[in-house]
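Undergrad: The following file, entry_29.pdb, comprises PDB, C-alpha atoms and all ligand atoms:
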ATOM      1  CA  MET A   1       0.629 -13.418  31.960
ATOM      2  CA  LYS A   2       3.413 -11.673  30.063
ATOM      3  CA  ILE A   3       2.705 -10.203  26.647
ATOM      4  CA  GLN A   4       5.879  -9.952  24.591
ATOM      5  CA  LYS A   5       5.043 -10.932  21.030
ATOM      6  CA  VAL A   6       2.092  -9.462  19.180
ATOM      7  CA  ALA A   7       0.232 -10.728  16.114
ATOM      8  CA  VAL A   8      -2.027  -8.466  14.068
ATOM      9  CA  LEU A   9      -4.475  -9.992  11.590
ATOM     10  CA  GLY A  10      -5.158  -7.736   8.620
ATOM     11  CA  CYS A  11      -2.993  -4.844   7.455
ATOM     12  CA  GLY A  12      -5.786  -2.498   6.289
ATOM     13  CA  LEU A  13      -6.702   0.862   7.753
ATOM     14  CA  MET A  14      -6.960  -0.392  11.353
ATOM     15  CA  GLY A  15      -4.558  -3.363  11.305
ATOM     16  CA  SER A  16      -1.666  -1.281   9.972
ATOM     17  CA  GLY A  17      -2.304   1.359  12.651
ATOM     18  CA  ILE A  18      -2.512  -1.228  15.430
ATOM     19  CA  ALA A  19       0.698  -2.926  14.227
ATOM     20  CA  GLN A  20       2.482   0.445  14.119
ATOM     21  CA  VAL A  21       1.396   1.320  17.651
ATOM     22  CA  ALA A  22       2.477  -2.113  18.971
ATOM     23  CA  ALA A  23       5.913  -1.802  17.366
ATOM     24  CA  MET A  24       6.253   1.781  18.631
ATOM     25  CA  ALA A  25       5.504   0.508  22.135
ATOM     26  CA  GLY A  26       8.429  -1.936  21.842
ATOM     27  CA  PHE A  27       6.636  -5.194  20.968
ATOM     28  CA  GLU A  28       7.864  -7.650  18.328
ATOM     29  CA  THR A  29       4.913  -7.526  15.944
ATOM     30  CA  THR A  30       3.926  -9.864  13.108
ATOM     31  CA  VAL A  31       1.159  -8.825  10.715
ATOM     32  CA  LEU A  32      -0.770 -11.428   8.721
ATOM     33  CA  GLU A  33      -2.440 -10.667   5.390
ATOM     34  CA  VAL A  34      -3.990 -12.723   2.615
ATOM     35  CA  GLU A  35      -1.653 -11.390  -0.066
ATOM     36  CA  GLN A  36       1.717  -9.635  -0.161
ATOM     37  CA  LYS A  37       0.236  -6.637  -2.007
ATOM     38  CA  PHE A  38      -1.978  -5.801   1.018
ATOM     39  CA  LEU A  39       1.066  -5.972   3.292
ATOM     40  CA  ASP A  40       2.940  -3.640   0.940
ATOM     41  CA  LYS A  41       0.052  -1.161   0.996
ATOM     42  CA  GLY A  42      -0.291  -1.286   4.789
ATOM     43  CA  PHE A  43       3.466  -0.979   5.374
ATOM     44  CA  ALA A  44       3.611   2.025   3.006
ATOM     45  CA  GLY A  45       0.987   3.690   5.228
ATOM     46  CA  ILE A  46       3.024   2.869   8.345
ATOM     47  CA  GLU A  47       6.152   4.324   6.732
ATOM     48  CA  LYS A  48       4.312   7.552   5.959
ATOM     49  CA  SER A  49       2.954   7.831   9.490
ATOM     50  CA  LEU A  50       6.376   7.103  11.058
ATOM     51  CA  GLY A  51       7.804   9.803   8.787
ATOM     52  CA  LYS A  52       5.388  12.313  10.333
ATOM     53  CA  PHE A  53       6.334  11.212  13.869
ATOM     54  CA  ALA A  54      10.025  11.634  12.915
ATOM     55  CA  GLU A  55       9.382  15.258  11.862
ATOM     56  CA  ARG A  56       8.085  16.111  15.348
ATOM     57  CA  PRO A  57      10.396  16.989  18.273
ATOM     58  CA  VAL A  58      10.791  14.055  20.679
ATOM     59  CA  GLU A  59       9.431  16.142  23.603
ATOM     60  CA  LYS A  60       6.216  16.595  21.585
ATOM     61  CA  GLY A  61       5.688  12.899  20.981
ATOM     62  CA  GLY A  62       8.054  12.596  18.010
ATOM     63  CA  ILE A  63      10.643   9.871  17.360
ATOM     64  CA  THR A  64      14.335   9.953  16.393
ATOM     65  CA  ALA A  65      15.712   8.405  13.178
ATOM     66  CA  ALA A  66      17.244   5.593  15.282
ATOM     67  CA  GLN A  67      13.885   4.916  16.973
ATOM     68  CA  LYS A  68      12.232   4.807  13.560
ATOM     69  CA  ASP A  69      14.717   2.154  12.432
ATOM     70  CA  SER A  70      14.148   0.001  15.510
ATOM     71  CA  ILE A  71      10.348   0.286  15.151
ATOM     72  CA  ARG A  72      10.674  -0.905  11.559
ATOM     73  CA  ALA A  73      12.914  -3.784  12.684
ATOM     74  CA  ARG A  74      10.258  -4.958  15.162
ATOM     75  CA  LEU A  75       7.591  -5.152  12.429
ATOM     76  CA  LYS A  76       7.247  -8.206  10.220
ATOM     77  CA  GLY A  77       4.705  -8.981   7.543
ATOM     78  CA  THR A  78       3.639 -12.501   6.626
ATOM     79  CA  THR A  79       1.069 -14.409   4.598
ATOM     80  CA  SER A  80       1.694 -17.631   6.573
ATOM     81  CA  LYS A  81      -0.373 -18.369   9.682
ATOM     82  CA  ALA A  82       2.410 -20.627  10.990
ATOM     83  CA  ASP A  83       4.437 -17.465  11.731
ATOM     84  CA  LEU A  84       1.984 -16.587  14.506
ATOM     85  CA  ALA A  85       2.784 -19.679  16.584
ATOM     86  CA  ASP A  86       4.800 -17.891  19.288
ATOM     87  CA  CYS A  87       2.615 -14.785  19.702
ATOM     88  CA  ASP A  88       1.099 -13.913  23.105
ATOM     89  CA  ILE A  89      -1.813 -11.799  21.865
ATOM     90  CA  ILE A  90      -3.645 -11.817  18.543
ATOM     91  CA  LEU A  91      -5.219  -8.499  17.585
ATOM     92  CA  GLU A  92      -7.673  -9.202  14.784
ATOM     93  CA  ALA A  93      -8.585  -6.407  12.346
ATOM     94  CA  ILE A  94      -9.689  -8.216   9.187
ATOM     95  CA  ILE A  95     -12.810  -7.244   7.226
ATOM     96  CA  GLU A  96     -16.081  -6.800   9.154
ATOM     97  CA  ASN A  97     -17.611 -10.150   8.159
ATOM     98  CA  VAL A  98     -18.719 -12.743  10.741
ATOM     99  CA  GLU A  99     -18.005 -15.793   8.613
ATOM    100  CA  GLU A 100     -14.541 -14.580   7.513
ATOM    101  CA  LYS A 101     -13.603 -13.755  11.093
ATOM    102  CA  LYS A 102     -14.849 -17.084  12.492
ATOM    103  CA  LYS A 103     -13.056 -19.031   9.775
ATOM    104  CA  MET A 104      -9.843 -17.187  10.616
ATOM    105  CA  TYR A 105     -10.160 -17.806  14.378
ATOM    106  CA  ALA A 106     -10.873 -21.501  13.886
ATOM    107  CA  LEU A 107      -7.738 -21.844  11.740
ATOM    108  CA  ILE A 108      -5.344 -20.033  14.054
ATOM    109  CA  ASP A 109      -6.815 -21.631  17.207
ATOM    110  CA  GLY A 110      -4.884 -24.746  16.279
ATOM    111  CA  ILE A 111      -1.647 -22.834  15.660
ATOM    112  CA  VAL A 112      -1.103 -20.257  18.416
ATOM    113  CA  LYS A 113       0.141 -21.185  21.880
ATOM    114  CA  LYS A 114      -2.273 -22.319  24.609
ATOM    115  CA  LYS A 115      -1.983 -19.135  26.665
ATOM    116  CA  ALA A 116      -2.439 -16.705  23.772
ATOM    117  CA  ILE A 117      -5.159 -14.050  24.050
ATOM    118  CA  PHE A 118      -7.565 -13.414  21.156
ATOM    119  CA  ALA A 119      -8.670  -9.779  20.794
ATOM    120  CA  THR A 120     -11.055  -8.628  18.085
ATOM    121  CA  ASN A 121     -11.240  -5.018  16.875
ATOM    122  CA  THR A 122     -14.773  -5.488  15.529
ATOM    123  CA  SER A 123     -17.023  -2.408  15.629
ATOM    124  CA  SER A 124     -20.372  -4.112  15.300
ATOM    125  CA  ILE A 125     -20.174  -7.917  15.455
ATOM    126  CA  SER A 126     -20.905  -9.505  18.821
ATOM    127  CA  VAL A 127     -17.642 -10.540  20.498
ATOM    128  CA  THR A 128     -19.598 -13.425  22.034
ATOM    129  CA  GLU A 129     -20.553 -14.721  18.607
ATOM    130  CA  LEU A 130     -16.899 -14.651  17.479
ATOM    131  CA  LEU A 131     -15.591 -16.519  20.522
ATOM    132  CA  THR A 132     -17.644 -19.566  19.545
ATOM    133  CA  ALA A 133     -15.042 -20.164  16.816
ATOM    134  CA  VAL A 134     -12.263 -21.031  19.302
ATOM    135  CA  LYS A 135     -11.846 -23.828  21.843
ATOM    136  CA  ARG A 136     -10.756 -21.395  24.613
ATOM    137  CA  PRO A 137     -13.543 -18.795  24.873
ATOM    138  CA  GLU A 138     -12.262 -17.626  28.265
ATOM    139  CA  ARG A 139      -9.210 -16.192  26.454
ATOM    140  CA  PHE A 140     -11.275 -14.078  24.055
ATOM    141  CA  ILE A 141     -11.950 -10.330  24.401
ATOM    142  CA  GLY A 142     -12.616  -7.226  22.304
ATOM    143  CA  MET A 143     -10.081  -4.427  21.911
ATOM    144  CA  HIS A 144     -11.775  -1.668  19.942
ATOM    145  CA  PHE A 145      -9.354   0.953  18.626
ATOM    146  CA  PHE A 146     -10.188   4.231  16.882
ATOM    147  CA  ASN A 147      -9.086   5.596  13.524
ATOM    148  CA  PRO A 148      -6.352   6.841  13.040
ATOM    149  CA  VAL A 149      -4.931   4.384  15.598
ATOM    150  CA  PRO A 150      -1.506   6.051  16.050
ATOM    151  CA  LEU A 151      -3.219   9.331  17.043
ATOM    152  CA  MET A 152      -6.430   8.320  18.827
ATOM    153  CA  LYS A 153      -5.805   7.624  22.514
ATOM    154  CA  LEU A 154      -8.817   5.454  23.304
ATOM    155  CA  VAL A 155      -9.206   1.684  23.310
ATOM    156  CA  GLU A 156     -12.424   0.059  24.512
ATOM    157  CA  VAL A 157     -11.611  -3.235  26.231
ATOM    158  CA  VAL A 158     -14.624  -5.503  25.916
ATOM    159  CA  ARG A 159     -15.394  -8.420  28.232
ATOM    160  CA  THR A 160     -17.892 -11.157  27.464
ATOM    161  CA  ILE A 161     -19.725 -13.460  29.857
ATOM    162  CA  ALA A 162     -17.010 -16.074  29.136
ATOM    163  CA  THR A 163     -13.881 -13.906  29.508
ATOM    164  CA  ALA A 164     -11.526 -14.922  32.365
ATOM    165  CA  PRO A 165     -10.751 -11.991  34.718
ATOM    166  CA  ASP A 166      -6.955 -12.440  34.425
ATOM    167  CA  VAL A 167      -7.203 -12.356  30.618
ATOM    168  CA  TYR A 168      -9.266  -9.183  30.805
ATOM    169  CA  ASP A 169      -6.802  -7.526  33.204
ATOM    170  CA  ALA A 170      -3.849  -8.516  31.003
ATOM    171  CA  ALA A 171      -5.527  -6.981  27.936
ATOM    172  CA  TYR A 172      -6.353  -3.807  29.882
ATOM    173  CA  GLU A 173      -2.714  -3.438  31.004
ATOM    174  CA  PHE A 174      -1.533  -4.201  27.475
ATOM    175  CA  GLY A 175      -3.756  -1.334  26.225
ATOM    176  CA  LYS A 176      -1.885   0.998  28.590
ATOM    177  CA  LYS A 177       1.486  -0.325  27.379
ATOM    178  CA  LEU A 178       0.417   0.609  23.844
ATOM    179  CA  GLY A 179       0.178   4.206  25.095
ATOM    180  CA  LYS A 180      -3.619   4.176  24.975
ATOM    181  CA  VAL A 181      -6.219   5.028  27.593
ATOM    182  CA  PRO A 182      -8.224   1.807  28.012
ATOM    183  CA  VAL A 183     -11.851   1.915  29.139
ATOM    184  CA  ARG A 184     -13.737  -1.091  30.462
ATOM    185  CA  THR A 185     -16.940  -2.131  28.740
ATOM    186  CA  SER A 186     -19.029  -5.212  28.066
ATOM    187  CA  ASP A 187     -20.206  -6.943  24.916
ATOM    188  CA  LYS A 188     -23.295  -4.893  24.030
ATOM    189  CA  THR A 189     -23.443  -3.694  20.419
ATOM    190  CA  GLY A 190     -21.807  -0.278  20.039
ATOM    191  CA  PHE A 191     -19.834  -0.562  23.300
ATOM    192  CA  ILE A 192     -19.567   2.914  24.929
ATOM    193  CA  VAL A 193     -18.668   5.304  22.125
ATOM    194  CA  ASN A 194     -21.131   4.203  19.427
ATOM    195  CA  ARG A 195     -23.866   3.599  22.003
ATOM    196  CA  LEU A 196     -23.797   7.346  22.738
ATOM    197  CA  LEU A 197     -22.531   8.752  19.443
ATOM    198  CA  VAL A 198     -24.859   6.986  16.987
ATOM    199  CA  PRO A 199     -28.164   8.249  18.510
ATOM    200  CA  TYR A 200     -26.689  11.785  18.572
ATOM    201  CA  LEU A 201     -25.787  11.612  14.861
ATOM    202  CA  LEU A 202     -29.183  10.161  13.951
ATOM    203  CA  ASP A 203     -30.923  12.868  15.991
ATOM    204  CA  ALA A 204     -29.035  15.525  14.026
ATOM    205  CA  ILE A 205     -30.462  14.029  10.795
ATOM    206  CA  ARG A 206     -33.970  13.933  12.321
ATOM    207  CA  ALA A 207     -33.637  17.560  13.472
ATOM    208  CA  TYR A 208     -32.743  18.523   9.905
ATOM    209  CA  GLU A 209     -35.652  16.473   8.509
ATOM    210  CA  GLU A 210     -38.002  18.257  10.907
ATOM    211  CA  GLY A 211     -36.766  21.717   9.871
ATOM    212  CA  VAL A 212     -34.972  22.583  13.115
ATOM    213  CA  GLY A 213     -32.026  23.994  11.162
ATOM    214  CA  SER A 214     -29.989  23.714   7.967
ATOM    215  CA  ILE A 215     -27.110  21.234   7.693
ATOM    216  CA  GLU A 216     -24.582  24.047   8.029
ATOM    217  CA  ASP A 217     -26.393  25.663  10.975
ATOM    218  CA  ILE A 218     -26.723  22.394  12.891
ATOM    219  CA  ASP A 219     -23.012  21.715  12.300
ATOM    220  CA  ASN A 220     -22.028  25.205  13.457
ATOM    221  CA  ALA A 221     -24.344  25.024  16.466
ATOM    222  CA  MET A 222     -22.787  21.800  17.761
ATOM    223  CA  LYS A 223     -19.246  22.923  16.981
ATOM    224  CA  LEU A 224     -19.479  26.334  18.560
ATOM    225  CA  GLY A 225     -22.099  25.649  21.218
ATOM    226  CA  CYS A 226     -20.613  22.393  22.519
ATOM    227  CA  GLY A 227     -16.958  22.788  21.590
ATOM    228  CA  TYR A 228     -17.022  19.656  19.384
ATOM    229  CA  PRO A 229     -14.181  19.533  16.838
ATOM    230  CA  MET A 230     -16.689  19.024  14.006
ATOM    231  CA  GLY A 231     -20.466  19.131  13.563
ATOM    232  CA  PRO A 232     -22.553  15.932  13.183
ATOM    233  CA  PHE A 233     -22.962  16.142   9.375
ATOM    234  CA  THR A 234     -19.261  16.766   8.782
ATOM    235  CA  LEU A 235     -18.543  13.785  11.046
ATOM    236  CA  LEU A 236     -21.115  11.581   9.286
ATOM    237  CA  ASP A 237     -19.551  12.355   5.888
ATOM    238  CA  PHE A 238     -16.111  11.645   7.345
ATOM    239  CA  VAL A 239     -17.061   8.257   8.841
ATOM    240  CA  GLY A 240     -18.993   7.201   5.713
ATOM    241  CA  LEU A 241     -22.787   7.125   5.512
ATOM    242  CA  GLU A 242     -22.902   3.468   4.454
ATOM    243  CA  THR A 243     -20.863   2.539   7.541
ATOM    244  CA  THR A 244     -23.205   4.504   9.826
ATOM    245  CA  TYR A 245     -26.249   3.017   8.093
ATOM    246  CA  TYR A 246     -24.880  -0.491   8.601
ATOM    247  CA  ILE A 247     -24.204   0.226  12.292
ATOM    248  CA  THR A 248     -27.763   1.555  12.784
ATOM    249  CA  GLN A 249     -29.111  -1.724  11.443
ATOM    250  CA  VAL A 250     -26.995  -3.816  13.798
ATOM    251  CA  MET A 251     -27.780  -1.597  16.797
ATOM    252  CA  TYR A 252     -31.507  -1.466  16.028
ATOM    253  CA  ASP A 253     -31.521  -5.224  15.692
ATOM    254  CA  GLU A 254     -29.922  -5.506  19.154
ATOM    255  CA  PHE A 255     -31.964  -2.922  21.094
ATOM    256  CA  LYS A 256     -35.166  -2.411  19.028
ATOM    257  CA  GLU A 257     -35.204   1.256  20.050
ATOM    258  CA  ARG A 258     -36.100   4.119  17.704
ATOM    259  CA  ARG A 259     -33.023   6.099  18.702
ATOM    260  CA  PHE A 260     -30.874   3.518  16.868
ATOM    261  CA  ALA A 261     -33.115   3.351  13.765
ATOM    262  CA  SER A 262     -31.996   5.000  10.527
ATOM    263  CA  PRO A 263     -33.903   8.152   9.556
ATOM    264  CA  PRO A 264     -35.305   7.939   5.990
ATOM    265  CA  LEU A 265     -32.829  10.537   4.630
ATOM    266  CA  LEU A 266     -29.772   8.532   5.705
ATOM    267  CA  LYS A 267     -31.160   5.467   3.917
ATOM    268  CA  ARG A 268     -31.911   7.530   0.756
ATOM    269  CA  LEU A 269     -28.378   8.959   0.624
ATOM    270  CA  VAL A 270     -26.921   5.463   0.990
ATOM    271  CA  MET A 271     -29.237   4.059  -1.708
ATOM    272  CA  ALA A 272     -28.094   6.863  -4.039
ATOM    273  CA  GLY A 273     -24.449   5.900  -3.403
ATOM    274  CA  TRP A 274     -23.682   9.217  -1.689
ATOM    275  CA  TYR A 275     -21.481   7.897   1.119
ATOM    276  CA  GLY A 276     -19.786  11.170   2.102
ATOM    277  CA  ARG A 277     -16.198  12.262   1.549
ATOM    278  CA  LYS A 278     -15.092   8.978  -0.008
ATOM    279  CA  THR A 279     -17.606   9.294  -2.894
ATOM    280  CA  GLY A 280     -17.348  13.097  -3.168
ATOM    281  CA  LYS A 281     -20.925  13.635  -2.002
ATOM    282  CA  GLY A 282     -22.979  13.054   1.141
ATOM    283  CA  PHE A 283     -24.598  15.676   3.337
ATOM    284  CA  TYR A 284     -22.047  17.984   1.684
ATOM    285  CA  ASP A 285     -20.821  18.144  -1.917
ATOM    286  CA  TYR A 286     -17.006  17.908  -2.072
ATOM    287  CA  ALA A 287     -16.586  18.993  -5.718
ATOM    288  CA  ASN A 288     -14.268  21.580  -4.177
ATOM    289  CA  PRO A 289     -12.961  19.727  -1.065
ATOM    290  CA  GLU A 290     -11.631  22.993   0.380
ATOM    291  CA  LYS A 291     -15.145  24.467   0.359
ATOM    292  CA  PRO A 292     -17.772  21.715   0.697
ATOM    293  CA  VAL A 293     -21.325  22.871  -0.008
ATOM    294  CA  ALA A 294     -24.100  21.663   2.326
ATOM    295  CA  GLY A 295     -26.959  19.822   0.640
ATOM    296  CA  LYS A 296     -30.626  20.808   0.666
ATOM    297  CA  PHE A 297     -32.774  17.700   0.556
TER     298      PHE A 297
HETATM  299  N1  LIG B   1     -12.368   1.764   9.896
HETATM  300  C1  LIG B   1     -12.628   2.151  11.135
HETATM  301  O1  LIG B   1     -12.746   3.360  11.438
HETATM  302  C2  LIG B   1     -12.721   1.128  12.228
HETATM  303  C3  LIG B   1     -12.691   1.549  13.578
HETATM  304  C4  LIG B   1     -12.725   0.593  14.597
HETATM  305  C5  LIG B   1     -12.819  -0.754  14.275
HETATM  306  N2  LIG B   1     -12.854  -1.140  12.952
HETATM  307  C6  LIG B   1     -12.909  -2.593  12.685
HETATM  308  O2  LIG B   1     -11.611  -3.011  12.280
HETATM  309  C7  LIG B   1     -11.713  -4.113  11.356
HETATM  310  C8  LIG B   1     -10.950  -3.778  10.094
HETATM  311  O3  LIG B   1     -11.462  -2.596   9.534
HETATM  312  P1  LIG B   1     -10.611  -1.733   8.482
HETATM  313  O4  LIG B   1     -11.343  -0.438   8.356
HETATM  314  O5  LIG B   1      -9.178  -1.755   8.863
HETATM  315  O6  LIG B   1     -10.820  -2.600   7.157
HETATM  316  P2  LIG B   1      -9.891  -2.664   5.849
HETATM  317  O7  LIG B   1     -10.775  -3.150   4.768
HETATM  318  O8  LIG B   1      -9.137  -1.382   5.676
HETATM  319  O9  LIG B   1      -8.824  -3.798   6.202
HETATM  320  C9  LIG B   1      -9.141  -5.158   6.324
HETATM  321  C10 LIG B   1      -7.922  -5.952   5.879
HETATM  322  O10 LIG B   1      -8.109  -7.303   6.259
HETATM  323  C11 LIG B   1      -7.530  -8.104   5.249
HETATM  324  N3  LIG B   1      -8.093  -9.457   5.337
HETATM  325  C12 LIG B   1      -9.297  -9.872   4.936
HETATM  326  N4  LIG B   1      -9.435 -11.201   5.193
HETATM  327  C13 LIG B   1      -8.292 -11.588   5.787
HETATM  328  C14 LIG B   1      -7.824 -12.823   6.294
HETATM  329  N5  LIG B   1      -8.568 -13.930   6.258
HETATM  330  N6  LIG B   1      -6.578 -12.846   6.830
HETATM  331  C15 LIG B   1      -5.808 -11.742   6.894
HETATM  332  N7  LIG B   1      -6.203 -10.541   6.417
HETATM  333  C16 LIG B   1      -7.433 -10.479   5.881
HETATM  334  C17 LIG B   1      -7.859  -7.385   3.957
HETATM  335  O11 LIG B   1      -6.974  -7.789   2.920
HETATM  336  C18 LIG B   1      -7.697  -5.929   4.352
HETATM  337  O12 LIG B   1      -6.393  -5.449   4.082
HETATM  338  C19 LIG B   1     -13.212  -4.358  11.169
HETATM  339  O13 LIG B   1     -13.613  -5.374  12.045
HETATM  340  C20 LIG B   1     -13.842  -3.016  11.572
HETATM  341  O14 LIG B   1     -15.148  -3.163  12.072
HETATM  342  C21 LIG B   1     -12.806  -0.242  11.935
END
Translate the structure described by the file into structure tokens.
Ligand SMILES: NC(=O)c1ccc[n+]([C@@H]2O[C@H](COP(=O)([O-])OP(=O)(O)OC[C@H]3O[C@@H](n4cnc5c(N)ncnc54)[C@H](O)[C@@H]3O)[C@@H](O)[C@H]2O)c1

TA:
Amino acid sequence: MKIQKVAVLGCGLMGSGIAQVAAMAGFETTVLEVEQKFLDKGFAGIEKSLGKFAERPVEKGGITAAQKDSIRARLKGTTSKADLADCDIILEAIIENVEEKKKMYALIDGIVKKKAIFATNTSSISVTELLTAVKRPERFIGMHFFNPVPLMKLVEVVRTIATAPDVYDAAYEFGKKLGKVPVRTSDKTGFIVNRLLVPYLLDAIRAYEEGVGSIEDIDNAMKLGCGYPMGPFTLLDFVGLETTYYITQVMYDEFKERRFASPPLLKRLVMAGWYGRKTGKGFYDYANPEKPVAGKF
């Protein structure tokens, strides 16, 4: 099963990163969007990122001007599904909405070649639910990348009860060809990373609610005591509290365990519209982004 041509669905935050990485790895890559303006936005982001790679020395993971040109030449944007007909793998990164994703899969199922592999980048929707939209469920997997895709080395490769072993192996090898470190996992909500990370983040909020420490002290404790690059509250504000809240709901629904349930404070912050960095306020106040001030709730 040879993967030569790549299709990426969606040119948002994740889709643009995935397309960039595929083109950097030498694959002819076509990105599908609903409107040209979203392609323009995504491609502007890719251009900026490639610019940063071009500033770095090649021995430190940088690229030459000539490499930058050939990466650009391998990338094509389209708003026509017919342009995906000859692709070997379809990496889907459209909005996190079950109905939108299923509608999209049903449409392209009739267009792409028989042997194509479908890979969803969903963070929280069951891969098994999505595969019901195509007539070849054995060719359906999850490939869960991390933001920012060009810099984060991990991809979780997700098998379902219907996935054919050769399809899974091909996707795993493809992950390596993209320069990532693939890990094997199965279709349980949260996969590996969120399964372990989400309860930790929620526990940090509970510890704060119970008076174990201040927001700043808990952040410093986990940073300096565990060597984590950032504390749990800084990370929560970075990811977006509404995103974490949504994930807790999906994970609680799947496992019915308290460790996945949202603490009351997280829900209150989300109800107030304090989503973290993106709204200027969350567990910290970013009125001065250089010096965020920890909240006292
Ligand atoms: N943001 C993250 O950190 C992250 C991490 C891992 C996985 N994911 C997953 O990746 C997917 C995309 O997330 P994102 O953060 O890039 O979202 P985003 O909103 O930045 O991008 C989604 C893009 O999909 C496009 N789109 C919507 N419907 C479409 C359609 N029918 N056809 C083609 N394009 C369509 C939108 O125009 C938009 O540009 C989601 O499934 C999300 O769960 C996100």

Undergrad: Counting all atoms listed in the file, what are the residues, protein, DNA or RNA alike, that approach ligand LIG 1 (chain B) to within 6 Å? I want them as an MDAnalysis selection string.

TA: chainID A and resid 9:15 32:34 38 93:96 104 121:123 144:147

Undergrad: Could you tell me which residues the PyMOL selection byres (((chain A and resi 196-213) around 8) and not hetatm) returns for this structure, as a list in words?

TA: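 Selected by the PyMOL selection byres (((chain A and resi 196-213) around 8) and not hetatm) here: Ile192, Val193, Asn194, Arg195, Ser214, Ile215, Asp217, Ile218, Pro232, Phe233, Leu236, Thr244, Thr248, Arg259, Phe260, Ala261, Ser262, Pro263, Leu265 and Leu266 of chain A.
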
Undergrad: Once the PyMOL selection byres (((chain A and resi 189) around 9) and not hetatm) has been applied to the shown file, what residues remain in the selection, as an NGL selection string?

TA: :A and (123-127 or 186-188 or 190-192 or 194-195 or 250-251 or 254-255)

Undergrad: Which residue out of A:Val8, A:Ile141, A:Thr29, A:Leu130 has the minimum interatomic distance to A:Ile90 when all atoms listed in the file are used?

TA: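 Of A:Val8, A:Ile141, A:Thr29, A:Leu130, the one nearest A:Ile90 is A:Val8, counting all atoms listed in the file.
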
Undergrad: Around (-5.8, -27.1, 20.6) in the file's own coordinates, what residues are found within 9 Å if you use all atoms listed in the file, given back as a PyMOL selection string?

TA: chain A and resi 109-114+134-136

Undergrad: Could the residues in this selection be written to a file with C-alpha atoms, as a PDB file, in the frame of the given file?

TA:
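Result file again38.pdb:
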ATOM      1  CA  ASP A 109      -6.815 -21.631  17.207  1.00  0.00           C
ATOM      2  CA  GLY A 110      -4.884 -24.746  16.279  1.00  0.00           C
ATOM      3  CA  ILE A 111      -1.647 -22.834  15.660  1.00  0.00           C
ATOM      4  CA  VAL A 112      -1.103 -20.257  18.416  1.00  0.00           C
ATOM      5  CA  LYS A 113       0.141 -21.185  21.880  1.00  0.00           C
ATOM      6  CA  LYS A 114      -2.273 -22.319  24.609  1.00  0.00           C
ATOM      7  CA  VAL A 134     -12.263 -21.031  19.302  1.00  0.00           C
ATOM      8  CA  LYS A 135     -11.846 -23.828  21.843  1.00  0.00           C
ATOM      9  CA  ARG A 136     -10.756 -21.395  24.613  1.00  0.00           C
TER      10      ARG A 136
END

Undergrad: Take the PyMOL selection byres (((chain A and resi 102) around 10) and not hetatm), apply it to the structure above, and return the hits as a list in words.

TA: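 With the PyMOL selection byres (((chain A and resi 102) around 10) and not hetatm) on this model, the match is Asn97, Val98, Glu99, Glu100, Lys101, Lys103, Met104, Tyr105, Ala106, Leu107, Glu129, Leu130, Leu131, Thr132, Ala133 and Val134 of chain A.
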
Undergrad: Could those selected residues go to a file with C-alpha atoms, as a PDB file, keeping the file's coordinate frame?

TA:
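This is the output file selection.pdb:
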ATOM      1  CA  ASN A  97     -17.611 -10.150   8.159  1.00  0.00           C
ATOM      2  CA  VAL A  98     -18.719 -12.743  10.741  1.00  0.00           C
ATOM      3  CA  GLU A  99     -18.005 -15.793   8.613  1.00  0.00           C
ATOM      4  CA  GLU A 100     -14.541 -14.580   7.513  1.00  0.00           C
ATOM      5  CA  LYS A 101     -13.603 -13.755  11.093  1.00  0.00           C
ATOM      6  CA  LYS A 103     -13.056 -19.031   9.775  1.00  0.00           C
ATOM      7  CA  MET A 104      -9.843 -17.187  10.616  1.00  0.00           C
ATOM      8  CA  TYR A 105     -10.160 -17.806  14.378  1.00  0.00           C
ATOM      9  CA  ALA A 106     -10.873 -21.501  13.886  1.00  0.00           C
ATOM     10  CA  LEU A 107      -7.738 -21.844  11.740  1.00  0.00           C
ATOM     11  CA  GLU A 129     -20.553 -14.721  18.607  1.00  0.00           C
ATOM     12  CA  LEU A 130     -16.899 -14.651  17.479  1.00  0.00           C
ATOM     13  CA  LEU A 131     -15.591 -16.519  20.522  1.00  0.00           C
ATOM     14  CA  THR A 132     -17.644 -19.566  19.545  1.00  0.00           C
ATOM     15  CA  ALA A 133     -15.042 -20.164  16.816  1.00  0.00           C
ATOM     16  CA  VAL A 134     -12.263 -21.031  19.302  1.00  0.00           C
TER      17      VAL A 134
END

Undergrad: Find, counting all atoms listed in the file, the residue in A:Ala25, A:Glu47, A:Ile18, A:Ala164 that gets nearest to A:Met143.

TA: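 Among A:Ala25, A:Glu47, A:Ile18, A:Ala164, it is A:Ile18 that comes nearest to A:Met143.
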
Undergrad: With distances taken over all atoms listed in the file, which residue among A:Lys180, A:Arg72, A:Lys2, A:Lys281 lies nearest A:Ala294?

TA: A:Lys281

Undergrad: Could you tell me how far atom CA of A:Pro57 sits from atom CA of A:Leu39, in Å to one decimal place?

TA: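 We find that atom CA of A:Leu39 and atom CA of A:Pro57 lie 29.0 Å from each other.
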
Undergrad: What's the separation between atom CA of A:Tyr246 and atom CA of A:Gly282, in Å to one decimal place?

TA: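 It comes out at 15.6 Å.
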
Undergrad: One decimal, in Å: what's the spacing between atom CA of A:Arg268 and atom CA of A:Leu224?

TA: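 Spanning atom CA of A:Arg268 to atom CA of A:Leu224 is a straight-line distance of 28.7 Å.
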
Undergrad: Determine, counting all atoms listed in the file, which protein, DNA and RNA residues have an atom within 12 Å of an atom of A:Pro289; residues of the same chain fewer than 2 positions away are not included. Present the result as a PyMOL selection string.

TA: chain A and resi 276-281+284-287+291-294

Undergrad: Using only C-alpha atoms for the distances, tell me which of A:Val155, A:Ala170, A:Ile71, A:Ile108 is nearest to A:Ala85.

TA: A:Ile108
